[in-house]
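These notes are about the structure you will find just below.
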Amino acid sequence: MPTLTAAQRRERDRAAYDAFLAACPARQLLDRIGDKWVSLLMAALSDGPMRYAELGRKVAGISEKMLTQTLRGLERDGLVTRTITPSVPVRVDYALTPLGESLGSVVRELKHWADTHMGAIAAARDAYDTRTPDA
C-alpha cells in the first residue's frame with residue numbers, strides 16, 4: 001500500500017464524511033434524523049422523559065410498530081435512553097441522552113419554524129397550484 005501525504009490523508013478523511021456521497025455515514029445519520037417519526041419523537045422528548053404510552057399519545061398517528069422501531073433506532077444511535085423500573089406493571093421511560101439533547105434543540109427549533117411558517121407555506125402552495133393546473 002503506498003504511503004499517503006498529509007494532504008492526501010486530509011482529502012481522504014474529508015471525503016469519508018461528505019454527506020453528498022451515497023455511502024457516507026453522515027448521510028445515513030441525516031436520513032434517520034430526517035424521518036418524520038424521529039423528528040417528532042425527539043421534539044416530544046425534548047420536554048423531558050416520557051413513558052411509551054405517553055409518546056404514543058403525544059405523537060398522533062404513529063403505530064405501535066413504528067414507535068417501537070423508531071425508539072430502538074434512537075437508542076442504538078445513542079440519542080435516547082430506555083430506563084426500566086421494576087414495578088407492577090413494569091415502567092419504561094425514554095429520555096434524551098446528552099447527545100440527543102444537543103440534537104433535540106435543533107429539532108425543536110425546526111418544529112418551531114414549521115409551526116410559525118405553515119401559513120406562508122400553505123399560501124405558497126395555493127399560489128403554485130393556481131398557476132400550475134397539473135399540480
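Just so we're on the same page: first chain in the C-alpha cells is A, next is B, and so on; residues restart at 1 for each chain, and ligands are numbered from 1 in the order they show up.
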
At a cut-off of 12 Å, using only C-alpha atoms, what residues contact region 84-92 of chain A? Leave out same-chain residues fewer than 4 positions from it and give the result as a PyMOL selection string. chain A and resi 49-55+71

DSSP on the backbone, strand (DSSP E) only: what residues of region 13-116 of chain A does that give? Format it as a list in words. Met50, Arg51, Val80, Thr81, Arg82, Thr83, Ile84, Thr85, Arg91, Val92, Asp93, Tyr94, Ala95 and Leu96 of chain A

Could you save the residues just selected, with C-alpha atoms, as a compact mmCIF listing (two decimals), in the first residue's frame?
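Writing done, so here's result-v3.txt:
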# COMPACT_ATOMS: atom_id res chain seq x y z
CA MET A 50 -41.81 10.11 28.80
CA ARG A 51 -43.33 6.67 29.02
CA VAL A 80 -32.28 8.07 23.66
CA THR A 81 -32.03 6.05 26.86
CA ARG A 82 -34.54 3.45 27.95
CA THR A 83 -34.95 3.05 31.70
CA ILE A 84 -36.89 0.10 33.13
CA THR A 85 -38.31 0.48 36.64
CA ARG A 91 -42.49 1.10 33.98
CA VAL A 92 -40.38 2.02 30.93
CA ASP A 93 -39.24 5.61 30.46
CA TYR A 94 -37.49 7.14 27.48
CA ALA A 95 -35.28 10.22 27.69
CA LEU A 96 -32.80 12.06 25.52

One decimal, Å: what's the distance from CA of Gly61 (chain A) over to CA of Leu41 (chain A), could you say? 12.0 Å

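Contact shell of Val107 (chain A) at 7 Å (only C-alpha atoms; same-chain neighbours under 4 positions omitted): Ser39, Met42, Ala43, Leu103 and Lys111 of chain A.
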
Could the residues in this selection be written to a file with N, CA, C and O atoms, as a PDB file, in the first residue's frame?
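That gives us part18.pdb:
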ATOM      1  N   SER A  39     -38.001  13.002  14.115  1.00  0.00           N
ATOM      2  CA  SER A  39     -38.049  14.416  14.491  1.00  0.00           C
ATOM      3  C   SER A  39     -39.181  14.686  15.475  1.00  0.00           C
ATOM      4  O   SER A  39     -39.007  15.445  16.438  1.00  0.00           O
ATOM      5  N   MET A  42     -38.153  13.131  18.904  1.00  0.00           N
ATOM      6  CA  MET A  42     -37.094  13.933  19.517  1.00  0.00           C
ATOM      7  C   MET A  42     -37.671  15.226  20.089  1.00  0.00           C
ATOM      8  O   MET A  42     -37.307  15.635  21.192  1.00  0.00           O
ATOM      9  N   ALA A  43     -38.575  15.863  19.349  1.00  0.00           N
ATOM     10  CA  ALA A  43     -39.198  17.092  19.846  1.00  0.00           C
ATOM     11  C   ALA A  43     -40.026  16.798  21.095  1.00  0.00           C
ATOM     12  O   ALA A  43     -39.995  17.564  22.060  1.00  0.00           O
ATOM     13  N   LEU A 103     -29.050  17.386  19.760  1.00  0.00           N
ATOM     14  CA  LEU A 103     -29.842  17.311  18.527  1.00  0.00           C
ATOM     15  C   LEU A 103     -31.266  17.775  18.785  1.00  0.00           C
ATOM     16  O   LEU A 103     -31.881  18.420  17.930  1.00  0.00           O
ATOM     17  N   LYS A 111     -39.113  22.424  14.416  1.00  0.00           N
ATOM     18  CA  LYS A 111     -40.549  22.305  14.663  1.00  0.00           C
ATOM     19  C   LYS A 111     -41.161  23.685  14.871  1.00  0.00           C
ATOM     20  O   LYS A 111     -42.220  24.000  14.324  1.00  0.00           O
TER      21      LYS A 111
END

Can you list, as a ChimeraX atom specification, all residues belonging to chain A that DSSP tags as helix (DSSP H, G or I)? /A:6-16,25-33,36-45,52-58,64-76,98-131

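Once Asp77 (chain A) and its same-chain neighbours fewer than 3 positions away are set aside, Leu29, Arg32, Leu71, Arg72, Gly73, Leu74, Val80, Thr81, Leu99 and Gly100 of chain A remain within 10 Å of it when counting only C-alpha atoms.
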
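Counting only C-alpha atoms and comparing A:Ile33, A:Arg27, A:Arg10, A:Leu40, the residue that lies closest to His112 (chain A) is A:Leu40.
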
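Proximity to Ser105 (chain A) was assessed for A:Tyr17, A:Trp37, A:Arg12, A:Ser46 counting only C-alpha atoms; the smallest distance is recorded for A:Ser46.
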
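Here CA of Ala114 (chain A) and CA of Ser102 (chain A) stand 19.3 Å from one another.
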